file work-v3.csv (CSV, C-alpha atoms)
chain,number,residue,atom,x,y,z
A,858,MET,CA,-171.2,-39.6,-152.7
A,859,ASN,CA,-174.1,-38.3,-150.7
A,860,LYS,CA,-173.8,-34.6,-150.6
A,861,GLN,CA,-175.6,-32.7,-147.8
A,862,PRO,CA,-177.5,-29.7,-149.1
A,863,MET,CA,-175.8,-26.5,-148.0
A,864,LYS,CA,-177.9,-23.5,-147.0
A,865,LYS,CA,-176.3,-20.1,-146.7
A,866,TYR,CA,-176.6,-18.5,-143.3
A,867,LYS,CA,-178.8,-15.4,-143.0
A,868,ILE,CA,-177.1,-12.4,-141.4
A,869,THR,CA,-179.2,-12.9,-138.3
A,870,GLU,CA,-177.9,-16.4,-137.9
A,871,LEU,CA,-174.2,-15.5,-137.8
A,872,ASN,CA,-174.2,-14.4,-134.1
A,873,ARG,CA,-171.8,-11.6,-134.8
A,874,LEU,CA,-170.5,-9.3,-132.0
A,875,SER,CA,-172.2,-5.9,-131.6
A,876,THR,CA,-169.9,-2.9,-132.0
A,877,GLU,CA,-169.9,-2.5,-128.2
A,878,GLU,CA,-169.1,-6.2,-127.7
A,879,PHE,CA,-166.3,-6.0,-130.3
A,880,ILE,CA,-164.7,-2.9,-128.5
A,881,GLU,CA,-164.7,-4.8,-125.2
A,882,HIS,CA,-163.5,-8.2,-126.6
A,883,GLU,CA,-159.9,-9.3,-126.3
A,884,LYS,CA,-157.9,-8.4,-129.4
A,885,LEU,CA,-155.1,-10.1,-131.2
A,886,PRO,CA,-151.9,-8.2,-130.3
A,887,LEU,CA,-151.4,-7.0,-133.8
A,888,VAL,CA,-151.4,-3.4,-135.1
A,889,VAL,CA,-151.7,-2.6,-138.8
A,890,VAL,CA,-149.8,0.5,-139.9
A,891,LEU,CA,-150.8,2.1,-143.2
A,892,ASP,CA,-147.9,4.1,-144.6
A,893,ASN,CA,-149.2,6.8,-147.0
A,894,VAL,CA,-152.0,4.6,-148.5
A,895,ARG,CA,-153.8,6.8,-150.9
A,896,SER,CA,-156.9,4.7,-151.8
A,897,LEU,CA,-159.9,5.2,-149.5
A,898,HIS,CA,-161.2,1.8,-150.7
A,899,ASN,CA,-158.0,0.1,-149.5
A,900,VAL,CA,-158.3,1.9,-146.2
A,901,GLY,CA,-161.9,0.7,-145.8
A,902,SER,CA,-161.0,-2.8,-146.8
A,903,VAL,CA,-158.2,-2.9,-144.2
A,904,PHE,CA,-160.7,-1.8,-141.5
A,905,ARG,CA,-163.1,-4.6,-142.5
A,906,THR,CA,-160.4,-7.2,-142.4
A,907,ALA,CA,-159.1,-5.9,-139.1
A,908,ASP,CA,-162.6,-6.2,-137.7
A,909,ALA,CA,-162.9,-9.8,-139.0
A,910,PHE,CA,-159.8,-10.9,-137.1
A,911,LEU,CA,-160.1,-8.8,-133.9
A,912,ILE,CA,-157.0,-6.7,-134.7
A,913,GLU,CA,-155.9,-4.4,-131.9
A,914,SER,CA,-155.7,-1.2,-133.9
A,915,ILE,CA,-154.9,0.5,-137.2
A,916,TYR,CA,-152.5,3.4,-137.4
A,917,LEU,CA,-153.2,5.6,-140.3
A,918,CYS,CA,-150.1,7.6,-141.4
A,919,GLY,CA,-149.2,10.5,-143.7
A,920,ILE,CA,-151.6,10.9,-146.6
A,921,THR,CA,-153.7,8.0,-145.5
A,922,SER,CA,-157.3,9.3,-145.0
A,923,THR,CA,-159.1,8.8,-141.8
A,924,PRO,CA,-162.8,8.2,-140.9
A,925,PRO,CA,-165.4,9.4,-141.0
A,926,HIS,CA,-165.4,9.4,-144.8
A,927,ALA,CA,-168.1,8.1,-147.2
A,928,GLU,CA,-165.5,6.3,-149.4
A,929,ILE,CA,-163.9,4.5,-146.5
A,930,HIS,CA,-167.3,3.5,-145.2
A,931,LYS,CA,-168.2,2.1,-148.6
A,932,THR,CA,-165.8,-0.8,-148.1
A,933,ALA,CA,-165.4,-0.8,-144.3
A,934,LEU,CA,-169.2,-1.2,-143.9
A,935,GLY,CA,-169.1,0.2,-140.3
A,936,ALA,CA,-165.8,-1.5,-139.2
A,937,GLU,CA,-164.3,2.0,-139.0
A,938,ASN,CA,-166.6,2.4,-135.9
A,939,SER,CA,-165.5,-0.9,-134.2
A,940,VAL,CA,-161.8,-1.1,-134.9
A,941,SER,CA,-159.6,1.3,-132.9
A,942,TRP,CA,-157.5,3.6,-135.0
A,943,ARG,CA,-155.1,6.5,-134.6
A,944,TYR,CA,-153.6,9.1,-137.1
A,945,PHE,CA,-150.0,10.0,-137.3
A,946,GLY,CA,-148.6,12.7,-139.6
A,947,GLN,CA,-145.4,10.8,-139.9
A,948,THR,CA,-145.2,7.0,-140.0
A,949,SER,CA,-141.9,7.2,-138.1
A,950,ASP,CA,-143.8,8.6,-135.1
A,951,ALA,CA,-146.1,5.6,-135.2
A,952,VAL,CA,-143.2,3.1,-135.4
A,953,HIS,CA,-141.4,4.8,-132.5
A,954,LEU,CA,-144.5,4.6,-130.3
A,955,LEU,CA,-145.0,0.9,-131.2
A,956,LYS,CA,-141.4,0.1,-130.3
A,957,GLU,CA,-141.7,2.0,-127.1
A,958,ASN,CA,-144.7,-0.1,-126.2
A,959,GLY,CA,-142.9,-3.4,-126.9
A,960,PHE,CA,-144.2,-4.2,-130.4
A,961,THR,CA,-142.0,-6.0,-133.0
A,962,VAL,CA,-142.5,-3.9,-136.2
A,963,LEU,CA,-142.4,-5.7,-139.5
A,964,SER,CA,-142.7,-4.1,-142.9
A,965,VAL,CA,-144.6,-6.1,-145.5
A,966,GLU,CA,-142.1,-5.5,-148.3
A,967,GLN,CA,-139.9,-7.2,-150.8
A,968,ALA,CA,-136.4,-6.5,-149.4
A,969,HIS,CA,-133.0,-8.1,-149.1
A,970,GLY,CA,-133.1,-10.4,-146.1
A,971,SER,CA,-136.9,-10.5,-145.8
A,972,THR,CA,-138.6,-13.5,-144.3
A,973,LEU,CA,-141.2,-15.2,-146.5
A,974,LEU,CA,-144.6,-14.8,-144.8
A,975,ASN,CA,-145.2,-18.6,-144.8
A,976,ASN,CA,-141.8,-19.1,-143.0
A,977,PHE,CA,-142.5,-16.5,-140.3
A,978,GLU,CA,-142.6,-17.9,-136.8
A,979,VAL,CA,-144.4,-16.0,-134.1
A,980,SER,CA,-143.7,-15.9,-130.4
A,981,ASP,CA,-145.5,-14.4,-127.5
A,982,LYS,CA,-144.7,-10.9,-128.7
A,983,LYS,CA,-146.9,-8.1,-129.9
A,984,TYR,CA,-146.6,-7.4,-133.6
A,985,ALA,CA,-147.2,-4.5,-135.9
A,986,ILE,CA,-147.2,-4.8,-139.7
A,987,VAL,CA,-146.5,-1.9,-141.9
A,988,LEU,CA,-148.1,-1.7,-145.4
A,989,GLY,CA,-147.1,0.9,-147.8
A,990,ASN,CA,-148.2,3.2,-150.6
A,991,GLU,CA,-149.8,1.6,-153.6
A,992,VAL,CA,-147.0,2.7,-155.9
A,993,LYS,CA,-143.9,3.2,-153.8
A,994,GLY,CA,-144.5,0.6,-151.1
A,995,VAL,CA,-143.2,1.1,-147.5
A,996,GLN,CA,-140.8,4.1,-147.2
A,997,GLN,CA,-137.2,3.0,-147.0
A,998,GLU,CA,-136.9,5.0,-143.8
A,999,ILE,CA,-139.6,2.9,-142.3
A,1000,VAL,CA,-138.0,-0.4,-143.6
A,1001,ASP,CA,-134.8,0.7,-141.9
A,1002,MET,CA,-136.6,1.3,-138.6
A,1003,SER,CA,-138.4,-2.0,-138.8
A,1004,ASP,CA,-137.3,-5.1,-136.9
A,1005,GLY,CA,-137.6,-7.1,-140.2
A,1006,CYS,CA,-139.6,-7.5,-143.4
A,1007,LEU,CA,-142.2,-10.0,-144.3
A,1008,GLU,CA,-142.5,-10.9,-148.0
A,1009,ILE,CA,-145.5,-12.6,-149.5
A,1010,PRO,CA,-144.4,-15.3,-152.0
A,1011,GLN,CA,-145.5,-14.6,-155.5
A,1012,PHE,CA,-145.2,-16.8,-158.5
A,1013,GLY,CA,-146.7,-15.0,-161.5
A,1014,THR,CA,-145.5,-12.2,-163.7
A,1015,LYS,CA,-146.4,-9.3,-161.4
A,1016,HIS,CA,-144.3,-8.3,-158.5
A,1017,SER,CA,-146.9,-6.7,-156.2
A,1018,LEU,CA,-150.3,-7.2,-154.7
A,1019,ASN,CA,-153.0,-4.6,-153.9
A,1020,VAL,CA,-152.3,-3.2,-150.5
A,1021,SER,CA,-155.6,-4.4,-149.0
A,1022,VAL,CA,-155.1,-7.9,-150.5
A,1023,ALA,CA,-151.5,-8.0,-149.1
A,1024,CYS,CA,-152.9,-6.9,-145.7
A,1025,GLY,CA,-155.5,-9.6,-145.7
A,1026,ILE,CA,-153.0,-12.3,-146.6
A,1027,ALA,CA,-150.6,-11.1,-143.9
A,1028,ILE,CA,-153.3,-10.8,-141.2
A,1029,TRP,CA,-154.6,-14.3,-142.1
A,1030,GLU,CA,-151.2,-15.9,-141.8
A,1031,ILE,CA,-150.2,-14.1,-138.6
A,1032,PHE,CA,-153.7,-14.7,-137.1
A,1033,GLY,CA,-153.4,-18.4,-137.7
A,1034,LYS,CA,-149.9,-18.6,-136.3
A,1035,MET,CA,-150.7,-16.4,-133.2
A,1036,SER,CA,-153.9,-18.4,-132.5
A,1037,LEU,CA,-152.0,-21.7,-132.6
A,1038,ASN,CA,-149.4,-20.1,-130.2
A,1039,LYS,CA,-152.0,-19.4,-127.5
call {"tool": "encode", "arguments": {"input": "work-v3.csv", "output": "structure tokens"}}
result
Amino acid sequence: MNKQPMKKYKITELNRLSTEEFIEHEKLPLVVVLDNVRSLHNVGSVFRTADAFLIESIYLCGITSTPPHAEIHKTALGAENSVSWRYFGQTSDAVHLLKENGFTVLSVEQAHGSTLLNNFEVSDKKYAIVLGNEVKGVQQEIVDMSDGCLEIPQFGTKHSLNVSVACGIAIWEIFGKMSLNK
């Protein structure tokens, strides 16, 4: 087997969008809602993932911290300046607004009747995914308000994933399905 040598790209070779170009670029009709996420590193990581996949916006709710903050910046690496975001004191207010604006709201949670993420089928709708607190998950009130729940299949001994990891998995799966639907 003749293997071609692989050379890593330099940052300058990646042809990334500028912050201004990102802001003007068409976004994936997906909003990420963080329901009382306490870790600033998780918040920053969600911003960075949202930037990577051209997510429409992030809604930061309850105790979830907001930019500008050095600890968010540490993992966001500037994505907190490119990705649109809003703060809501109550997650329920964010969910109400999303529904009023035609979004299908899905909590990423292990719940009776949830849809496994890999079995989720997208349509031409706008979606919002809600991710919850690192210990308690998505509030039951918010699960009740949601149009459904998406569950990430897990096969080991643990029954949860880090919130930023779960967000990345969900965004990747939904991004792929929405991109194929275009």
call {"tool": "residues_around", "arguments": {"input": "work-v3.csv", "residues": "segment 862-874 of chain A", "least_positions_apart": "6", "cutoff": "12 Å", "atoms": "only C-alpha atoms", "output": "list in words"}}
result
Ile880, Glu881, His882, Asp908, Ala909, Phe910, Leu911, Ala936 and Ser939 of chain A
call {"tool": "closest_residue", "arguments": {"input": "work-v3.csv", "among": "A:Gly901, A:Glu877, A:Leu887, A:His1016", "to": "Trp1029 of chain A", "atoms": "only C-alpha atoms"}}
result
A:Leu887
call {"tool": "closest_residue", "arguments": {"input": "work-v3.csv", "among": "A:Ile1026, A:Val992, A:Pro924, A:Arg895", "to": "Pro1010 of chain A", "atoms": "all atoms listed in the file"}}
result
A:Ile1026
call {"tool": "residues_around", "arguments": {"input": "work-v3.csv", "residues": "segment 917-923 of chain A", "least_positions_apart": "3", "cutoff": "8 Å", "atoms": "only C-alpha atoms", "output": "JSON, numbers by chain"}}
result
{"A": [890, 891, 892, 893, 894, 895, 896, 897, 900, 926, 929, 942, 943, 944, 945, 946, 947, 948, 951]}
call {"tool": "residues_near_point", "arguments": {"input": "work-v3.csv", "point": "(-136.9, -6.4, -140.4)", "cutoff": "8 Å", "atoms": "all atoms listed in the file", "output": "PyMOL selection string"}}
result
chain A and resi 962-964+970-971+1000-1007
call {"tool": "residues_around", "arguments": {"input": "work-v3.csv", "residues": "Gly1025 of chain A", "least_positions_apart": "6", "cutoff": "9 Å", "atoms": "all atoms listed in the file", "output": "number ranges by chain"}}
result
A: 902-903, 906-907
call {"tool": "build_atoms", "arguments": {"input": "work-v3.csv", "residues": "segment 941-952 of chain A", "atoms": "all heavy atoms", "output": "tab-separated table (two decimals), in the coordinates of the input"}}
result
chain	number	residue	atom	x	y	z
A	941	SER	N	-160.31	0.12	-133.39
A	941	SER	CA	-159.60	1.30	-132.90
A	941	SER	C	-158.59	1.78	-133.92
A	941	SER	O	-157.97	0.98	-134.62
A	941	SER	CB	-158.82	0.81	-131.61
A	941	SER	OG	-157.90	1.79	-131.20
A	942	TRP	N	-158.45	3.10	-134.01
A	942	TRP	CA	-157.50	3.60	-135.00
A	942	TRP	C	-156.91	4.95	-134.43
A	942	TRP	O	-157.51	5.60	-133.58
A	942	TRP	CB	-158.09	3.85	-136.35
A	942	TRP	CG	-159.22	4.84	-136.41
A	942	TRP	CD1	-160.54	4.56	-136.23
A	942	TRP	CD2	-159.13	6.24	-136.66
A	942	TRP	NE1	-161.28	5.72	-136.35
A	942	TRP	CE2	-160.43	6.77	-136.62
A	942	TRP	CE3	-158.07	7.11	-136.91
A	942	TRP	CZ2	-160.71	8.12	-136.82
A	942	TRP	CZ3	-158.35	8.46	-137.12
A	942	TRP	CH2	-159.66	8.93	-137.07
A	943	ARG	N	-155.73	5.28	-134.94
A	943	ARG	CA	-155.10	6.50	-134.60
A	943	ARG	C	-154.44	7.09	-135.88
A	943	ARG	O	-154.07	6.34	-136.78
A	943	ARG	CB	-153.93	6.32	-133.61
A	943	ARG	CG	-154.40	6.02	-132.22
A	943	ARG	CD	-153.25	5.93	-131.25
A	943	ARG	NE	-152.57	7.23	-131.10
A	943	ARG	CZ	-151.58	7.45	-130.26
A	943	ARG	NH1	-151.15	6.47	-129.48
A	943	ARG	NH2	-151.02	8.62	-130.17
A	944	TYR	N	-154.30	8.41	-135.92
A	944	TYR	CA	-153.60	9.10	-137.10
A	944	TYR	C	-152.30	9.63	-136.62
A	944	TYR	O	-152.18	10.21	-135.54
A	944	TYR	CB	-154.51	10.19	-137.64
A	944	TYR	CG	-153.76	10.92	-138.73
A	944	TYR	CD1	-153.61	10.36	-139.99
A	944	TYR	CD2	-153.13	12.13	-138.46
A	944	TYR	CE1	-152.87	10.99	-140.97
A	944	TYR	CE2	-152.39	12.79	-139.44
A	944	TYR	CZ	-152.26	12.21	-140.69
A	944	TYR	OH	-151.52	12.83	-141.66
A	945	PHE	N	-151.30	9.46	-137.47
A	945	PHE	CA	-150.00	10.00	-137.30
A	945	PHE	C	-149.57	10.76	-138.55
A	945	PHE	O	-149.67	10.19	-139.64
A	945	PHE	CB	-148.93	8.93	-137.01
A	945	PHE	CG	-149.14	8.19	-135.73
A	945	PHE	CD1	-150.04	7.13	-135.66
A	945	PHE	CD2	-148.44	8.53	-134.58
A	945	PHE	CE1	-150.24	6.43	-134.49
A	945	PHE	CE2	-148.64	7.85	-133.39
A	945	PHE	CZ	-149.54	6.81	-133.34
A	946	GLY	N	-149.09	11.99	-138.42
A	946	GLY	CA	-148.60	12.70	-139.60
A	946	GLY	C	-147.41	12.08	-140.23
A	946	GLY	O	-147.24	12.11	-141.44
A	947	GLN	N	-146.57	11.47	-139.39
A	947	GLN	CA	-145.40	10.80	-139.90
A	947	GLN	C	-145.42	9.33	-139.44
A	947	GLN	O	-145.61	9.04	-138.24
A	947	GLN	CB	-144.11	11.45	-139.29
A	947	GLN	CG	-143.93	12.91	-139.67
A	947	GLN	CD	-143.68	13.07	-141.17
A	947	GLN	OE1	-142.95	12.29	-141.78
A	947	GLN	NE2	-144.30	14.08	-141.75
A	948	THR	N	-145.19	8.43	-140.37
A	948	THR	CA	-145.20	7.00	-140.00
A	948	THR	C	-144.11	6.69	-139.01
A	948	THR	O	-144.29	5.83	-138.14
A	948	THR	CB	-144.98	6.16	-141.32
A	948	THR	OG1	-145.94	6.58	-142.30
A	948	THR	CG2	-145.15	4.68	-141.05
A	949	SER	N	-142.99	7.41	-139.08
A	949	SER	CA	-141.90	7.20	-138.10
A	949	SER	C	-142.36	7.39	-136.68
A	949	SER	O	-141.92	6.68	-135.77
A	949	SER	CB	-140.69	8.05	-138.45
A	949	SER	OG	-141.06	9.42	-138.43
A	950	ASP	N	-143.26	8.34	-136.45
A	950	ASP	CA	-143.80	8.60	-135.10
A	950	ASP	C	-144.58	7.36	-134.62
A	950	ASP	O	-144.50	6.97	-133.45
A	950	ASP	CB	-144.65	9.82	-135.06
A	950	ASP	CG	-143.87	11.10	-135.31
A	950	ASP	OD1	-142.63	11.10	-135.10
A	950	ASP	OD2	-144.49	12.11	-135.72
A	951	ALA	N	-145.34	6.75	-135.52
A	951	ALA	CA	-146.10	5.60	-135.20
A	951	ALA	C	-145.18	4.40	-134.83
A	951	ALA	O	-145.39	3.69	-133.85
A	951	ALA	CB	-147.04	5.18	-136.32
A	952	VAL	N	-144.14	4.23	-135.64
A	952	VAL	CA	-143.20	3.10	-135.40
A	952	VAL	C	-142.47	3.34	-134.08
A	952	VAL	O	-142.31	2.39	-133.30
A	952	VAL	CB	-142.21	3.00	-136.59
A	952	VAL	CG1	-141.10	2.00	-136.27
A	952	VAL	CG2	-142.96	2.57	-137.86
